[in-house]
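Raw query.pdb, PDB, C-alpha atoms:
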```
ATOM      1  CA  MET F   1       4.416 106.514  67.909
ATOM      2  CA  ALA F   2       8.165 106.341  68.711
ATOM      3  CA  THR F   3       7.554 107.659  72.243
ATOM      4  CA  ALA F   4       4.884 105.062  72.902
ATOM      5  CA  SER F   5       7.172 102.338  71.621
ATOM      6  CA  ALA F   6      10.020 103.510  73.909
ATOM      7  CA  GLN F   7       7.637 103.579  76.877
ATOM      8  CA  ARG F   8       6.565 100.019  76.088
ATOM      9  CA  MET F   9      10.205  98.933  76.055
ATOM     10  CA  ARG F  10      10.716 100.457  79.501
ATOM     11  CA  THR F  11       7.572  99.164  81.115
ATOM     12  CA  SER F  12       7.169  95.717  79.591
ATOM     13  CA  THR F  13       7.999  92.659  81.595
ATOM     14  CA  ARG F  14      11.678  92.047  81.216
ATOM     15  CA  PRO F  15      12.578  88.461  80.299
ATOM     16  CA  ARG F  16      15.356  86.724  82.154
ATOM     17  CA  GLY F  17      18.746  87.682  80.685
ATOM     18  CA  ALA F  18      17.423  90.907  79.145
ATOM     19  CA  LEU F  19      20.098  93.451  78.234
ATOM     20  CA  ILE F  20      19.136  96.626  80.110
ATOM     21  CA  ASP F  21      20.853  99.988  79.549
ATOM     22  CA  PRO F  22      21.345 102.496  82.430
ATOM     23  CA  ASP F  23      18.025 104.254  81.546
ATOM     24  CA  GLY F  24      16.073 101.014  81.936
ATOM     25  CA  ILE F  25      15.523 100.341  78.216
ATOM     26  CA  ASP F  26      15.568  96.723  77.051
ATOM     27  CA  LEU F  27      18.141  96.865  74.228
ATOM     28  CA  LYS F  28      17.176  93.441  72.829
ATOM     29  CA  MET F  29      13.588  94.612  72.437
ATOM     30  CA  VAL F  30      14.858  97.785  70.742
ATOM     31  CA  ALA F  31      16.846  95.592  68.366
ATOM     32  CA  ARG F  32      13.743  93.463  67.601
ATOM     33  CA  GLU F  33      11.643  96.593  66.954
ATOM     34  CA  LEU F  34      14.303  98.027  64.672
ATOM     35  CA  GLU F  35      14.502  94.698  62.864
ATOM     36  CA  ALA F  36      10.706  94.785  62.322
ATOM     37  CA  VAL F  37      10.952  98.360  61.012
ATOM     38  CA  ALA F  38      13.794  97.314  58.695
ATOM     39  CA  ASP F  39      11.727  94.355  57.422
ATOM     40  CA  TYR F  40       8.779  96.681  56.798
ATOM     41  CA  VAL F  41      10.960  99.172  54.900
ATOM     42  CA  THR F  42      12.490  96.325  52.865
ATOM     43  CA  ASN F  43       8.993  95.058  52.045
ATOM     44  CA  ILE F  44       7.841  98.538  51.014
ATOM     45  CA  LYS F  45      10.920  98.929  48.802
ATOM     46  CA  ARG F  46      10.229  95.546  47.210
ATOM     47  CA  GLU F  47       6.585  96.495  46.569
ATOM     48  CA  ILE F  48       7.565  99.892  45.143
ATOM     49  CA  GLY F  49       9.977  98.068  42.846
ATOM     50  CA  ALA F  50       7.230  95.633  41.793
ATOM     51  CA  LEU F  51       4.953  98.595  41.061
ATOM     52  CA  ARG F  52       7.460  99.693  38.369
ATOM     53  CA  ALA F  53       6.018 103.211  38.556
ATOM     54  CA  ASN F  54       8.543 104.621  36.066
ATOM     55  CA  GLU F  55       7.500 102.091  33.456
ATOM     56  CA  LEU F  56       3.823 102.888  34.131
ATOM     57  CA  TYR F  57       4.097 106.607  33.578
ATOM     58  CA  ARG F  58       6.858 106.560  30.962
ATOM     59  CA  ALA F  59       5.563 103.729  28.799
ATOM     60  CA  ARG F  60       2.202 102.171  29.593
ATOM     61  CA  LEU F  61       0.117 105.278  30.357
ATOM     62  CA  PRO F  62       1.531 107.283  27.400
ATOM     63  CA  VAL F  63       0.711 104.311  25.127
ATOM     64  CA  ALA F  64      -2.884 104.321  26.426
ATOM     65  CA  HIS F  65      -3.051 108.106  25.964
ATOM     66  CA  ASP F  66      -1.695 107.937  22.393
ATOM     67  CA  GLU F  67      -3.928 105.037  21.398
ATOM     68  CA  LEU F  68      -7.055 106.833  22.636
ATOM     69  CA  GLY F  69      -5.965 109.986  20.804
ATOM     70  CA  ASN F  70      -5.576 107.906  17.635
ATOM     71  CA  VAL F  71      -9.048 106.435  18.150
ATOM     72  CA  VAL F  72     -10.553 109.927  18.399
ATOM     73  CA  ASP F  73      -8.682 111.059  15.259
ATOM     74  CA  ALA F  74      -9.608 107.940  13.258
ATOM     75  CA  THR F  75     -13.256 108.162  14.303
ATOM     76  CA  GLN F  76     -13.427 111.839  13.398
ATOM     77  CA  SER F  77     -11.708 111.283  10.055
ATOM     78  CA  ALA F  78     -14.050 108.394   9.158
ATOM     79  CA  THR F  79     -17.112 110.389  10.236
ATOM     80  CA  ASN F  80     -16.040 113.332   8.099
ATOM     81  CA  THR F  81     -15.494 111.065   5.077
ATOM     82  CA  ILE F  82     -18.884 109.379   5.532
ATOM     83  CA  MET F  83     -20.711 112.654   6.048
ATOM     84  CA  ALA F  84     -19.001 114.327   3.085
ATOM     85  CA  ALA F  85     -20.017 111.406   0.833
ATOM     86  CA  ALA F  86     -23.594 111.516   2.110
ATOM     87  CA  GLU F  87     -23.760 115.298   1.663
ATOM     88  CA  GLU F  88     -22.493 114.969  -1.912
ATOM     89  CA  ILE F  89     -25.180 112.358  -2.686
ATOM     90  CA  LEU F  90     -27.891 114.555  -1.172
ATOM     91  CA  GLY F  91     -26.611 117.631  -2.989
ATOM     92  CA  SER F  92     -26.238 115.996  -6.390
ATOM     93  CA  ALA F  93     -28.195 117.670  -9.181
ATOM     94  CA  GLU F  94     -27.324 115.014 -11.789
ATOM     95  CA  ASP F  95     -30.224 114.357 -14.182
ATOM     96  CA  ASP F  96     -28.816 111.409 -16.115
ATOM     97  CA  PHE F  97     -29.749 108.196 -14.281
ATOM     98  CA  GLU F  98     -26.679 106.131 -15.276
ATOM     99  CA  THR F  99     -24.295 108.954 -14.353
ATOM    100  CA  TYR F 100     -26.127 109.451 -11.070
ATOM    101  CA  ARG F 101     -25.983 105.715 -10.320
ATOM    102  CA  ALA F 102     -22.224 105.557 -10.951
ATOM    103  CA  PHE F 103     -21.757 108.647  -8.793
ATOM    104  CA  VAL F 104     -23.785 107.151  -5.910
ATOM    105  CA  GLN F 105     -21.935 103.811  -6.169
ATOM    106  CA  ASP F 106     -18.614 105.629  -5.965
ATOM    107  CA  LYS F 107     -19.732 107.553  -2.867
ATOM    108  CA  VAL F 108     -21.157 104.427  -1.201
ATOM    109  CA  THR F 109     -17.829 102.669  -1.803
ATOM    110  CA  GLN F 110     -16.107 105.572  -0.039
ATOM    111  CA  ILE F 111     -18.515 105.104   2.888
ATOM    112  CA  PHE F 112     -17.716 101.369   3.086
ATOM    113  CA  GLU F 113     -13.984 102.108   2.992
ATOM    114  CA  ALA F 114     -14.292 104.692   5.745
ATOM    115  CA  CYS F 115     -16.128 102.163   7.945
ATOM    116  CA  SER F 116     -12.955 100.038   8.066
ATOM    117  CA  PHE F 117     -11.808 102.367  10.850
ATOM    118  CA  GLN F 118     -13.885 100.286  13.262
ATOM    119  CA  ASP F 119     -11.551  97.281  12.993
ATOM    120  CA  ILE F 120      -8.442  99.371  13.747
ATOM    121  CA  THR F 121     -10.013 101.400  16.541
ATOM    122  CA  GLY F 122     -11.253  98.148  18.107
ATOM    123  CA  GLN F 123      -7.680  96.857  18.208
ATOM    124  CA  ARG F 124      -6.391 100.140  19.624
ATOM    125  CA  ILE F 125      -9.009 100.137  22.367
ATOM    126  CA  ASN F 126      -8.104  96.537  23.255
ATOM    127  CA  LYS F 127      -4.481  97.667  23.688
ATOM    128  CA  VAL F 128      -5.612 100.435  26.053
ATOM    129  CA  VAL F 129      -7.717  97.956  28.021
ATOM    130  CA  ASP F 130      -4.651  95.687  28.391
ATOM    131  CA  GLU F 131      -2.437  98.571  29.556
ATOM    132  CA  LEU F 132      -5.026  99.742  32.081
ATOM    133  CA  ALA F 133      -5.456  96.186  33.375
ATOM    134  CA  GLN F 134      -1.699  96.106  34.085
ATOM    135  CA  VAL F 135      -1.867  99.450  35.918
ATOM    136  CA  GLU F 136      -4.859  98.276  37.933
ATOM    137  CA  LYS F 137      -3.192  94.974  38.836
ATOM    138  CA  ARG F 138       0.004  96.622  40.064
ATOM    139  CA  LEU F 139      -1.741  99.400  41.972
ATOM    140  CA  SER F 140      -4.111  97.001  43.728
ATOM    141  CA  ARG F 141      -1.205  94.709  44.701
ATOM    142  CA  PHE F 142       0.757  97.693  46.018
ATOM    143  CA  ALA F 143      -2.215  99.088  47.944
ATOM    144  CA  ALA F 144      -2.841  95.706  49.573
ATOM    145  CA  ALA F 145       0.851  95.129  50.380
ATOM    146  CA  VAL F 146       1.342  98.451  52.170
ATOM    147  CA  ASN F 147      -2.195  98.533  53.620
ATOM    148  CA  MET F 148      -2.705 101.881  51.887
ATOM    149  CA  ARG F 149      -5.632 104.129  52.764
ATOM    150  CA  ASP F 150      -6.784 107.135  50.762
ATOM    151  CA  GLN F 151      -6.511 110.464  52.556
ATOM    152  CA  ALA F 152      -9.096 113.123  51.857
ATOM    153  CA  ALA F 153      -6.517 115.836  52.496
ATOM    154  CA  GLN F 154      -4.457 114.621  49.537
ATOM    155  CA  VAL F 155      -7.150 115.255  46.916
ATOM    156  CA  ASP F 156      -5.731 117.125  43.924
ATOM    157  CA  PRO F 157      -7.258 120.661  44.004
ATOM    158  CA  GLU F 158      -7.645 120.698  40.212
ATOM    159  CA  ASP F 159      -9.488 117.374  40.315
ATOM    160  CA  ALA F 160     -11.630 118.594  43.226
ATOM    161  CA  ALA F 161     -12.598 121.709  41.249
ATOM    162  CA  LYS F 162     -13.564 119.563  38.249
ATOM    163  CA  GLN F 163     -15.671 117.305  40.465
ATOM    164  CA  ALA F 164     -17.395 120.309  42.052
ATOM    165  CA  ARG F 165     -18.215 121.700  38.573
ATOM    166  CA  LYS F 166     -19.574 118.314  37.474
ATOM    167  CA  GLU F 167     -21.851 118.137  40.506
ATOM    168  CA  ALA F 168     -23.063 121.746  40.267
ATOM    169  CA  LEU F 169     -23.831 121.517  36.545
ATOM    170  CA  ILE F 170     -25.079 117.907  36.652
ATOM    171  CA  LEU F 171     -22.463 116.676  34.200
ATOM    172  CA  ASN F 172     -22.967 112.929  34.405
ATOM    173  CA  GLY F 173     -21.926 112.068  30.846
ATOM    174  CA  PRO F 174     -23.249 109.148  28.829
ATOM    175  CA  GLN F 175     -24.747 106.338  30.920
ATOM    176  CA  THR F 176     -24.756 102.581  30.552
ATOM    177  CA  ALA F 177     -28.019 101.106  29.267
ATOM    178  CA  ASP F 178     -29.188 100.113  32.761
ATOM    179  CA  LEU F 179     -28.764 103.663  34.121
ATOM    180  CA  ALA F 180     -29.867 105.684  31.097
ATOM    181  CA  VAL F 181     -33.424 106.919  30.828
ATOM    182  CA  SER F 182     -35.038 106.047  27.479
ATOM    183  CA  GLN F 183     -36.458 108.560  25.002
ATOM    184  CA  ASP F 184     -39.910 107.052  25.659
ATOM    185  CA  ASP F 185     -39.587 107.736  29.405
ATOM    186  CA  ILE F 186     -38.436 111.295  28.669
ATOM    187  CA  ASP F 187     -41.381 111.794  26.321
ATOM    188  CA  ALA F 188     -43.700 110.634  29.098
ATOM    189  CA  LEU F 189     -42.198 113.301  31.402
ATOM    190  CA  PHE F 190     -42.931 115.982  28.821
ATOM    191  CA  GLY F 191     -46.452 114.684  28.273
TER
ATOM    192  CA  MET M   1     -48.266 119.878  11.625
ATOM    193  CA  ALA M   2     -47.316 123.218  10.044
ATOM    194  CA  LEU M   3     -43.815 124.460  10.663
ATOM    195  CA  ASP M   4     -42.365 127.823   9.745
ATOM    196  CA  LEU M   5     -39.424 126.665   7.640
ATOM    197  CA  LYS M   6     -38.047 130.214   7.465
ATOM    198  CA  MET M   7     -37.667 130.401  11.252
ATOM    199  CA  PRO M   8     -34.022 130.925  12.282
ATOM    200  CA  ILE M   9     -32.597 128.070  14.360
ATOM    201  CA  LEU M  10     -29.498 128.177  16.550
ATOM    202  CA  VAL M  11     -27.630 124.876  17.016
ATOM    203  CA  VAL M  12     -25.267 124.871  20.024
ATOM    204  CA  ASP M  13     -22.711 122.069  20.281
ATOM    205  CA  ASP M  14     -18.955 121.957  20.862
ATOM    206  CA  TYR M  15     -18.611 118.883  18.653
ATOM    207  CA  GLN M  16     -18.493 120.032  15.042
ATOM    208  CA  THR M  17     -19.569 116.624  13.727
ATOM    209  CA  MET M  18     -22.787 116.846  15.738
ATOM    210  CA  VAL M  19     -23.393 120.397  14.485
ATOM    211  CA  ARG M  20     -22.972 119.071  10.952
ATOM    212  CA  ILE M  21     -25.366 116.157  11.594
ATOM    213  CA  ILE M  22     -28.075 118.425  13.040
ATOM    214  CA  ARG M  23     -27.574 121.002  10.271
ATOM    215  CA  ASN M  24     -28.027 118.267   7.637
ATOM    216  CA  LEU M  25     -31.123 116.887   9.356
ATOM    217  CA  LEU M  26     -32.633 120.385   9.595
ATOM    218  CA  LYS M  27     -31.826 120.956   5.921
ATOM    219  CA  GLN M  28     -33.614 117.693   5.071
ATOM    220  CA  LEU M  29     -36.613 118.905   7.048
ATOM    221  CA  GLY M  30     -36.594 122.070   4.955
ATOM    222  CA  PHE M  31     -35.121 124.618   7.382
ATOM    223  CA  GLU M  32     -32.874 127.106   5.610
ATOM    224  CA  ASP M  33     -31.770 129.606   8.257
ATOM    225  CA  VAL M  34     -29.524 127.664  10.641
ATOM    226  CA  ASP M  35     -26.650 129.142  12.668
ATOM    227  CA  ASP M  36     -24.375 127.427  15.157
ATOM    228  CA  ALA M  37     -22.362 128.206  18.279
ATOM    229  CA  SER M  38     -19.761 126.115  20.083
ATOM    230  CA  ASP M  39     -20.858 126.765  23.684
ATOM    231  CA  GLY M  40     -23.340 128.680  25.828
ATOM    232  CA  THR M  41     -21.327 131.902  25.878
ATOM    233  CA  ALA M  42     -21.084 132.072  22.089
ATOM    234  CA  ALA M  43     -24.774 131.142  21.846
ATOM    235  CA  LEU M  44     -25.850 133.955  24.189
ATOM    236  CA  ALA M  45     -23.933 136.466  22.074
ATOM    237  CA  LYS M  46     -25.756 135.251  18.948
ATOM    238  CA  LEU M  47     -29.132 135.232  20.725
ATOM    239  CA  LYS M  48     -28.645 138.895  21.610
ATOM    240  CA  GLU M  49     -27.829 139.785  17.980
ATOM    241  CA  LYS M  50     -30.626 137.902  16.210
ATOM    242  CA  LYS M  51     -34.104 136.643  17.067
ATOM    243  CA  TYR M  52     -34.216 132.846  16.827
ATOM    244  CA  GLY M  53     -37.345 130.724  16.607
ATOM    245  CA  LEU M  54     -35.642 127.734  18.220
ATOM    246  CA  VAL M  55     -32.481 126.819  20.134
ATOM    247  CA  ILE M  56     -31.210 123.227  19.884
ATOM    248  CA  SER M  57     -28.451 122.802  22.446
ATOM    249  CA  ASP M  58     -26.068 120.176  23.768
ATOM    250  CA  TRP M  59     -25.634 120.028  27.576
ATOM    251  CA  ASN M  60     -21.952 119.283  28.188
ATOM    252  CA  MET M  61     -19.853 122.156  26.813
ATOM    253  CA  GLU M  62     -17.176 124.512  28.108
ATOM    254  CA  PRO M  63     -16.978 127.162  29.366
ATOM    255  CA  MET M  64     -20.766 127.560  29.485
ATOM    256  CA  THR M  65     -22.891 124.412  29.438
ATOM    257  CA  GLY M  66     -26.255 124.058  27.727
ATOM    258  CA  TYR M  67     -27.912 123.855  31.152
ATOM    259  CA  GLU M  68     -26.433 127.229  32.117
ATOM    260  CA  LEU M  69     -27.432 128.632  28.722
ATOM    261  CA  LEU M  70     -31.007 127.460  29.299
ATOM    262  CA  ARG M  71     -31.127 129.192  32.704
ATOM    263  CA  HIS M  72     -29.670 132.395  31.210
ATOM    264  CA  VAL M  73     -32.252 132.341  28.421
ATOM    265  CA  ARG M  74     -35.140 131.749  30.815
ATOM    266  CA  SER M  75     -34.019 134.547  33.139
ATOM    267  CA  ASP M  76     -33.571 137.098  30.330
ATOM    268  CA  GLU M  77     -36.710 139.126  29.696
ATOM    269  CA  ALA M  78     -36.003 139.422  25.961
ATOM    270  CA  LEU M  79     -35.199 135.740  25.436
ATOM    271  CA  ARG M  80     -37.308 133.856  27.970
ATOM    272  CA  VAL M  81     -39.989 132.659  25.506
ATOM    273  CA  THR M  82     -37.473 131.268  22.964
ATOM    274  CA  PRO M  83     -38.265 127.575  22.397
ATOM    275  CA  PHE M  84     -35.378 125.429  23.655
ATOM    276  CA  ILE M  85     -34.682 121.752  22.932
ATOM    277  CA  MET M  86     -31.841 119.957  24.719
ATOM    278  CA  VAL M  87     -30.071 117.325  22.582
ATOM    279  CA  THR M  88     -27.575 115.527  24.769
ATOM    280  CA  ALA M  89     -25.858 112.346  25.893
ATOM    281  CA  GLU M  90     -26.778 113.299  29.491
ATOM    282  CA  SER M  91     -29.313 110.549  29.993
ATOM    283  CA  LYS M  92     -29.823 110.379  33.764
ATOM    284  CA  THR M  93     -33.279 111.110  35.111
ATOM    285  CA  GLU M  94     -31.873 113.913  37.301
ATOM    286  CA  ASN M  95     -30.637 115.714  34.168
ATOM    287  CA  VAL M  96     -34.017 115.507  32.463
ATOM    288  CA  ILE M  97     -35.829 116.707  35.578
ATOM    289  CA  ALA M  98     -33.344 119.561  36.150
ATOM    290  CA  ALA M  99     -33.741 120.693  32.526
ATOM    291  CA  LYS M 100     -37.532 120.526  32.774
ATOM    292  CA  LYS M 101     -37.494 122.570  35.987
ATOM    293  CA  ALA M 102     -35.227 125.112  34.280
ATOM    294  CA  GLY M 103     -37.800 125.499  31.511
ATOM    295  CA  VAL M 104     -36.633 123.328  28.619
ATOM    296  CA  ASN M 105     -39.383 122.651  26.061
ATOM    297  CA  ASN M 106     -38.208 119.202  25.076
ATOM    298  CA  TYR M 107     -35.313 116.807  25.580
ATOM    299  CA  ILE M 108     -33.640 114.390  23.147
ATOM    300  CA  VAL M 109     -31.041 111.815  24.165
ATOM    301  CA  LYS M 110     -28.157 111.062  21.813
ATOM    302  CA  PRO M 111     -27.951 109.061  19.653
ATOM    303  CA  PHE M 112     -31.186 110.106  17.996
ATOM    304  CA  ASN M 113     -32.760 109.873  14.551
ATOM    305  CA  ALA M 114     -34.290 112.388  12.163
ATOM    306  CA  GLN M 115     -37.816 111.300  13.047
ATOM    307  CA  THR M 116     -37.286 112.075  16.753
ATOM    308  CA  LEU M 117     -35.820 115.496  15.967
ATOM    309  CA  LYS M 118     -38.690 116.274  13.622
ATOM    310  CA  ALA M 119     -41.303 115.148  16.159
ATOM    311  CA  LYS M 120     -39.809 117.310  18.916
ATOM    312  CA  ILE M 121     -39.516 120.383  16.684
ATOM    313  CA  GLU M 122     -43.146 119.916  15.668
ATOM    314  CA  ALA M 123     -44.198 119.502  19.298
ATOM    315  CA  VAL M 124     -42.374 122.681  20.331
ATOM    316  CA  CYS M 125     -42.804 124.942  17.301
ATOM    317  CA  GLY M 126     -45.700 123.491  15.328
ATOM    318  CA  SER M 127     -48.828 125.542  14.973
TER
END
```
Show this structure as structure tokens.
Amino acid sequence: MATASAQRMRTSTRPRGALIDPDGIDLKMVARELEAVADYVTNIKREIGALRANELYRARLPVAHDELGNVVDATQSATNTIMAAAEEILGSAEDDFETYRAFVQDKVTQIFEACSFQDITGQRINKVVDELAQVEKRLSRFAAAVNMRDQAAQVDPEDAAKQARKEALILNGPQTADLAVSQDDIDALFG
Amino acid sequence: MALDLKMPILVVDDYQTMVRIIRNLLKQLGFEDVDDASDGTAALAKLKEKKYGLVISDWNMEPMTGYELLRHVRSDEALRVTPFIMVTAESKTENVIAAKKAGVNNYIVKPFNAQTLKAKIEAVCGS
């Protein structure tokens, strides 16, 4: 690239009053090219600053990570509470109706209480969505500003191995309603 | 449809809550002999120790998936006729077709209800 640029400086039409060095290079053009490079570097530095990468990986992404971890824990804890209550109702050998009714009411109350996790997990997930929206906004601005292109050679080997395993073992994960096949369609396949 | 309620069943899932759900549903259906394993490797070890009348397996597990377990079972002379139901969140058509080609007897997408599980067990194991 630099060689081609130097060649252009030598061979381009020299304007009147051009400052030419003994090797035939137009020094004013060199200065303009360097100025353009300096502007580009300044712009990149500004965009890197606007990306605030340190804040992303030190604050925003860890928050998203922690919130999702809390969602998993809260969901699991609530599920365990609900299932334990249901198992106790199913396993009850109480003969006296009034005692059994009081016991079932107590367990059903525990189930209702456990379901309150949904409100909190909803709020936590909304926080994660907000954090990810910020990351997306900054990355897309940065990519556009520096005209960034993805390079296949820079694929993380660990990620590539995971992708290869997913493809080989057909690990697609849960699908959205429009992509998922229904139980009725599956039943039709099995006749 | 008559079911042998004494038949041993192996539930394979890495998510303990799902194992607990399926165990409870099987208990409600009257099955008493239910074991579980947390992935395909652990399941294969159990299948070689005890004769099971049915395997109910998740797909997405590590290190060995349910799909790999199914292929191992179908390629093993001693295990190949073991009835196998896949119970999974993998709900793309390509997954269902791949499982069918590999020899699965039935396929249930999560979330599912007790009636669906019962119907599939009857379809696969009922006499």
Residues of chain M at most 7 Å from chain F: nearest atom pair and distance in Å, only C-alpha atoms, as JSON lines:
```
{"residue": "M:Asn60", "atom": "CA", "partner": "F:Leu171", "partner_atom": "CA", "distance": 6.6}
{"residue": "M:Ala89", "atom": "CA", "partner": "F:Pro174", "partner_atom": "CA", "distance": 5.1}
{"residue": "M:Glu90", "atom": "CA", "partner": "F:Gly173", "partner_atom": "CA", "distance": 5.2}
{"residue": "M:Ser91", "atom": "CA", "partner": "F:Ala180", "partner_atom": "CA", "distance": 5.0}
{"residue": "M:Lys92", "atom": "CA", "partner": "F:Ala180", "partner_atom": "CA", "distance": 5.4}
{"residue": "M:Thr93", "atom": "CA", "partner": "F:Val181", "partner_atom": "CA", "distance": 6.0}
{"residue": "M:Asn95", "atom": "CA", "partner": "F:Ile170", "partner_atom": "CA", "distance": 6.5}
{"residue": "M:Asn106", "atom": "CA", "partner": "F:Phe190", "partner_atom": "CA", "distance": 6.8}
{"residue": "M:Ile108", "atom": "CA", "partner": "F:Gln183", "partner_atom": "CA", "distance": 6.7}
{"residue": "M:Val109", "atom": "CA", "partner": "F:Gln183", "partner_atom": "CA", "distance": 6.4}
```
* Asked: Which residues match the PyMOL selection byres ((chain F and resi 127) around 12) in the file above, as number ranges by chain?
  -> F: 60-68, 70-71, 120-126, 128-134
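We find CA of Ala43 in chain M and CA of Asn113 in chain M to be spaced 23.9 Å apart.
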Expected selection from the PyMOL selection byres ((chain F and resi 39-53) around 9), given as a PDB file with C-alpha atoms, in the frame of the given file:
```pdb
ATOM      1  CA  LEU F  34      14.303  98.027  64.672  1.00  0.00           C
ATOM      2  CA  GLU F  35      14.502  94.698  62.864  1.00  0.00           C
ATOM      3  CA  ALA F  36      10.706  94.785  62.322  1.00  0.00           C
ATOM      4  CA  VAL F  37      10.952  98.360  61.012  1.00  0.00           C
ATOM      5  CA  ALA F  38      13.794  97.314  58.695  1.00  0.00           C
ATOM      6  CA  ASN F  54       8.543 104.621  36.066  1.00  0.00           C
ATOM      7  CA  GLU F  55       7.500 102.091  33.456  1.00  0.00           C
ATOM      8  CA  LEU F  56       3.823 102.888  34.131  1.00  0.00           C
ATOM      9  CA  TYR F  57       4.097 106.607  33.578  1.00  0.00           C
ATOM     10  CA  ARG F  58       6.858 106.560  30.962  1.00  0.00           C
ATOM     11  CA  VAL F 135      -1.867  99.450  35.918  1.00  0.00           C
ATOM     12  CA  ARG F 138       0.004  96.622  40.064  1.00  0.00           C
ATOM     13  CA  LEU F 139      -1.741  99.400  41.972  1.00  0.00           C
ATOM     14  CA  ARG F 141      -1.205  94.709  44.701  1.00  0.00           C
ATOM     15  CA  PHE F 142       0.757  97.693  46.018  1.00  0.00           C
ATOM     16  CA  ALA F 145       0.851  95.129  50.380  1.00  0.00           C
ATOM     17  CA  VAL F 146       1.342  98.451  52.170  1.00  0.00           C
TER      18      VAL F 146
END
```
* To do: Report as an MDAnalysis selection string the residues that result from applying the PyMOL selection byres ((chain M and resi 49-51) around 12) to the structure here.
  => chainID M and resid 7:10 33:35 42:48 52:55 78:83
* Asked: What is the distance between CA of Glu113 in chain F and CA of Ser77 in chain F, in Å to one decimal?
  ->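 We find that CA of Glu113 in chain F and CA of Ser77 in chain F lie 11.8 Å from each other.
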Save range 109-120 of chain F to disk from that block, N, CA and C atoms included, as a PDB file, in the first residue's frame.
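Contents of decode_31.pdb, as written:
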```pdb
ATOM      1  N   THR F 109     -50.467 -22.488  48.937  1.00  0.00           N
ATOM      2  CA  THR F 109     -49.960 -21.146  49.256  1.00  0.00           C
ATOM      3  C   THR F 109     -48.460 -21.068  48.964  1.00  0.00           C
ATOM      4  N   GLN F 110     -47.748 -22.127  49.324  1.00  0.00           N
ATOM      5  CA  GLN F 110     -46.299 -22.169  49.030  1.00  0.00           C
ATOM      6  C   GLN F 110     -46.051 -22.090  47.514  1.00  0.00           C
ATOM      7  N   ILE F 111     -46.927 -22.753  46.746  1.00  0.00           N
ATOM      8  CA  ILE F 111     -46.780 -22.728  45.283  1.00  0.00           C
ATOM      9  C   ILE F 111     -47.013 -21.301  44.767  1.00  0.00           C
ATOM     10  N   PHE F 112     -48.063 -20.644  45.272  1.00  0.00           N
ATOM     11  CA  PHE F 112     -48.327 -19.257  44.856  1.00  0.00           C
ATOM     12  C   PHE F 112     -47.135 -18.362  45.187  1.00  0.00           C
ATOM     13  N   GLU F 113     -46.606 -18.524  46.393  1.00  0.00           N
ATOM     14  CA  GLU F 113     -45.471 -17.684  46.817  1.00  0.00           C
ATOM     15  C   GLU F 113     -44.263 -17.909  45.897  1.00  0.00           C
ATOM     16  N   ALA F 114     -44.036 -19.162  45.575  1.00  0.00           N
ATOM     17  CA  ALA F 114     -42.871 -19.477  44.726  1.00  0.00           C
ATOM     18  C   ALA F 114     -43.024 -18.860  43.339  1.00  0.00           C
ATOM     19  N   CYS F 115     -44.287 -18.728  42.875  1.00  0.00           N
ATOM     20  CA  CYS F 115     -44.515 -18.180  41.529  1.00  0.00           C
ATOM     21  C   CYS F 115     -44.165 -16.693  41.436  1.00  0.00           C
ATOM     22  N   SER F 116     -43.944 -16.043  42.592  1.00  0.00           N
ATOM     23  CA  SER F 116     -43.590 -14.618  42.557  1.00  0.00           C
ATOM     24  C   SER F 116     -42.219 -14.397  41.917  1.00  0.00           C
ATOM     25  N   PHE F 117     -41.474 -15.496  41.730  1.00  0.00           N
ATOM     26  CA  PHE F 117     -40.160 -15.355  41.080  1.00  0.00           C
ATOM     27  C   PHE F 117     -40.285 -14.733  39.693  1.00  0.00           C
ATOM     28  N   GLN F 118     -41.449 -14.954  39.056  1.00  0.00           N
ATOM     29  CA  GLN F 118     -41.603 -14.521  37.662  1.00  0.00           C
ATOM     30  C   GLN F 118     -41.468 -12.997  37.533  1.00  0.00           C
ATOM     31  N   ASP F 119     -42.003 -12.267  38.521  1.00  0.00           N
ATOM     32  CA  ASP F 119     -41.930 -10.810  38.484  1.00  0.00           C
ATOM     33  C   ASP F 119     -40.468 -10.354  38.532  1.00  0.00           C
ATOM     34  N   ILE F 120     -39.706 -10.952  39.463  1.00  0.00           N
ATOM     35  CA  ILE F 120     -38.300 -10.540  39.647  1.00  0.00           C
ATOM     36  C   ILE F 120     -37.446 -10.961  38.449  1.00  0.00           C
TER      37      ILE F 120
END
```
